[in-house]
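Notes for the one structure printed next.
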Amino acid sequence: MNESKLTEKALLAILVVVLLYAGAGVLWFLNSERAWKRAASRYEKECARFEREEKLISEKRKWDELYDSEKAAMPTFEAGKATDTVWMRKVEDLARTNLVLITQIDSGAETEAGDVLELPITVGGLEGSLEAIVKFMHALENTSEGMFDVREMNLRPSQKKGYLRGSMSITCAYMRE
């Protein structure tokens with residue numbers, strides 16, 4: 001009787017070990033499947049990124065030519081010459097042409113951005129109709145007299161019916177000789 005209990009215990013122990021190994025195999029399989037899916041997803045993303053970068057590299061000449069043409073069109077000033085009055089006058093002229101009233105305009109400090117210099121201009125006290133402000137922004141972005149970029153704009157209804165008032169930040173780009 002003692003021997004049968006011993007064999008039963010041995011068979012039970014073997015069965016437990018086999019079940020534990022089976023459980024470990026199932027867990028390993030489920031975890032590895034998830035890991036493979038994550039790895040496959042990352043691989044697909046990296047392949048897409050590689051293709052985009054490869055396309056950009058193959059278009060290097062095109063982008064260099066576009067950069068050179070934009071750089072050639074950029075206004076150039078003498079070294080040391082103050083540019084803030086020039087840019088503020090151009091902004092005010094474009095505003096006046098597009099029926100936008102500017103009551104306050106200030107310039108910031110000149111900063112370098114690679115080959116290009118940038119001058120931030122803060123326009124406070126801006127007032128005009130929505131159509132006039134849109135035309136003013138369009139004129140800023142598309143004028144041949146300089147390179148302007150509207151970085152920030154805050155508008156609210158004015159006391160005058162149909163008008164908006166607010167402020168905007170404009171950046172002027174240029175080069176020095």
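Residue numbers start at 1 in each chain; chains themselves are named A, B, ... in the order of the structure tokens; ligands are numbered from 1 in the order shown.
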
For A:Glu141, list every protein, DNA or RNA residue within 12 Å, evaluated using only C-alpha atoms, and leave out those in the same chain fewer than 2 positions away; present the list as a PyMOL selection string.
chain A and resi 91+94+134-139+143-151+170-173

Backbone-only DSSP, strand (DSSP E) members of stretch 2-173 of chain A, as an MDAnalysis selection string:
chainID A and resid 76:77 101:107 111:113 116:129 147:157 163:173

Just give me the gap between atom CA of A:Glu92 and atom CA of A:Asn142 in Å, one decimal is fine.
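Result for atom CA of A:Glu92 versus atom CA of A:Asn142: 15.4 Å, one decimal.
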
Might you pull out every residue within 12 Å of A:Leu155, with only C-alpha atoms counted and same-chain residues fewer than 2 positions away left off, and present them as an mmCIF file with N, CA, C and O atoms, in the first residue's frame?
data_model
loop_
_atom_site.group_PDB
_atom_site.id
_atom_site.type_symbol
_atom_site.label_atom_id
_atom_site.label_comp_id
_atom_site.auth_asym_id
_atom_site.auth_seq_id
_atom_site.Cartn_x
_atom_site.Cartn_y
_atom_site.Cartn_z
ATOM 1 N N VAL A 123 2.710 94.104 -33.201
ATOM 2 C CA VAL A 123 1.702 95.082 -33.593
ATOM 3 C C VAL A 123 0.580 95.005 -32.563
ATOM 4 O O VAL A 123 -0.129 94.014 -32.488
ATOM 5 N N GLY A 124 0.465 96.036 -31.752
ATOM 6 C CA GLY A 124 -0.636 96.129 -30.794
ATOM 7 C C GLY A 124 -1.584 97.191 -31.294
ATOM 8 O O GLY A 124 -1.229 98.057 -32.100
ATOM 9 N N GLY A 125 -2.794 97.178 -30.839
ATOM 10 C CA GLY A 125 -3.735 98.193 -31.298
ATOM 11 C C GLY A 125 -4.081 98.052 -32.762
ATOM 12 O O GLY A 125 -4.186 99.030 -33.491
ATOM 13 N N LEU A 126 -4.253 96.836 -33.213
ATOM 14 C CA LEU A 126 -4.631 96.535 -34.596
ATOM 15 C C LEU A 126 -6.159 96.574 -34.680
ATOM 16 O O LEU A 126 -6.833 95.997 -33.835
ATOM 17 N N GLU A 127 -6.704 97.260 -35.669
ATOM 18 C CA GLU A 127 -8.155 97.322 -35.799
ATOM 19 C C GLU A 127 -8.548 97.355 -37.276
ATOM 20 O O GLU A 127 -7.930 98.058 -38.074
ATOM 21 N N GLY A 128 -9.564 96.570 -37.608
ATOM 22 C CA GLY A 128 -10.059 96.538 -38.978
ATOM 23 C C GLY A 128 -11.154 95.498 -39.115
ATOM 24 O O GLY A 128 -11.412 94.712 -38.195
ATOM 25 N N SER A 129 -11.768 95.471 -40.268
ATOM 26 C CA SER A 129 -12.778 94.444 -40.521
ATOM 27 C C SER A 129 -12.071 93.114 -40.752
ATOM 28 O O SER A 129 -10.864 93.077 -41.026
ATOM 29 N N LEU A 130 -12.803 92.029 -40.648
ATOM 30 C CA LEU A 130 -12.219 90.705 -40.865
ATOM 31 C C LEU A 130 -11.617 90.619 -42.259
ATOM 32 O O LEU A 130 -10.489 90.154 -42.432
ATOM 33 N N ILE A 133 -8.334 92.613 -42.425
ATOM 34 C CA ILE A 133 -7.244 91.958 -41.704
ATOM 35 C C ILE A 133 -6.724 90.762 -42.493
ATOM 36 O O ILE A 133 -5.511 90.533 -42.582
ATOM 37 N N VAL A 134 -7.630 90.012 -43.105
ATOM 38 C CA VAL A 134 -7.211 88.868 -43.926
ATOM 39 C C VAL A 134 -6.405 89.352 -45.131
ATOM 40 O O VAL A 134 -5.361 88.782 -45.463
ATOM 41 N N GLU A 152 1.868 85.009 -34.541
ATOM 42 C CA GLU A 152 0.817 84.927 -33.527
ATOM 43 C C GLU A 152 -0.174 86.057 -33.753
ATOM 44 O O GLU A 152 0.213 87.155 -34.147
ATOM 45 N N MET A 153 -1.451 85.764 -33.473
ATOM 46 C CA MET A 153 -2.470 86.788 -33.665
ATOM 47 C C MET A 153 -3.573 86.584 -32.639
ATOM 48 O O MET A 153 -4.021 85.455 -32.410
ATOM 49 N N PRO A 157 -13.810 91.136 -30.829
ATOM 50 C CA PRO A 157 -14.702 92.149 -31.422
ATOM 51 C C PRO A 157 -14.375 93.546 -30.888
ATOM 52 O O PRO A 157 -14.043 93.730 -29.716
ATOM 53 N N SER A 158 -14.482 94.504 -31.753
ATOM 54 C CA SER A 158 -14.241 95.897 -31.397
ATOM 55 C C SER A 158 -15.552 96.550 -30.964
ATOM 56 O O SER A 158 -16.635 95.981 -31.137
ATOM 57 N N TYR A 163 -16.114 95.281 -36.757
ATOM 58 C CA TYR A 163 -14.664 95.421 -36.707
ATOM 59 C C TYR A 163 -14.070 94.509 -35.629
ATOM 60 O O TYR A 163 -14.750 94.139 -34.678
ATOM 61 N N LEU A 164 -12.804 94.180 -35.840
ATOM 62 C CA LEU A 164 -12.051 93.393 -34.868
ATOM 63 C C LEU A 164 -10.863 94.218 -34.404
ATOM 64 O O LEU A 164 -10.346 95.045 -35.152
ATOM 65 N N ARG A 165 -10.427 93.977 -33.196
ATOM 66 C CA ARG A 165 -9.225 94.638 -32.707
ATOM 67 C C ARG A 165 -8.384 93.598 -31.984
ATOM 68 O O ARG A 165 -8.882 92.582 -31.522
ATOM 69 N N GLY A 166 -7.098 93.848 -31.918
ATOM 70 C CA GLY A 166 -6.225 92.902 -31.249
ATOM 71 C C GLY A 166 -4.773 93.200 -31.511
ATOM 72 O O GLY A 166 -4.372 94.354 -31.692
ATOM 73 N N SER A 167 -3.989 92.126 -31.547
ATOM 74 C CA SER A 167 -2.544 92.272 -31.743
ATOM 75 C C SER A 167 -2.029 91.108 -32.575
ATOM 76 O O SER A 167 -2.698 90.094 -32.723
ATOM 77 N N MET A 168 -0.820 91.277 -33.093
ATOM 78 C CA MET A 168 -0.183 90.187 -33.836
ATOM 79 C C MET A 168 1.326 90.330 -33.746
ATOM 80 O O MET A 168 1.846 91.422 -33.541
ATOM 81 N N SER A 169 1.989 89.192 -33.856
ATOM 82 C CA SER A 169 3.454 89.159 -33.876
ATOM 83 C C SER A 169 3.888 88.781 -35.286
ATOM 84 O O SER A 169 3.454 87.766 -35.825
#

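Relative to atom CA of A:Leu119, atom CA of A:Gly80 is found at 13.9 Å.
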
Using only C-alpha atoms, the shortest atom-to-atom distance to A:Leu117 among A:Leu99, A:Ala40, A:Met175, A:Met88 belongs to A:Met175

Among stretch 43-172 of chain A, which ones does DSSP place in alpha helix (DSSP H), written as number ranges by chain?
A: 43-58, 60-73, 84-97, 130-142
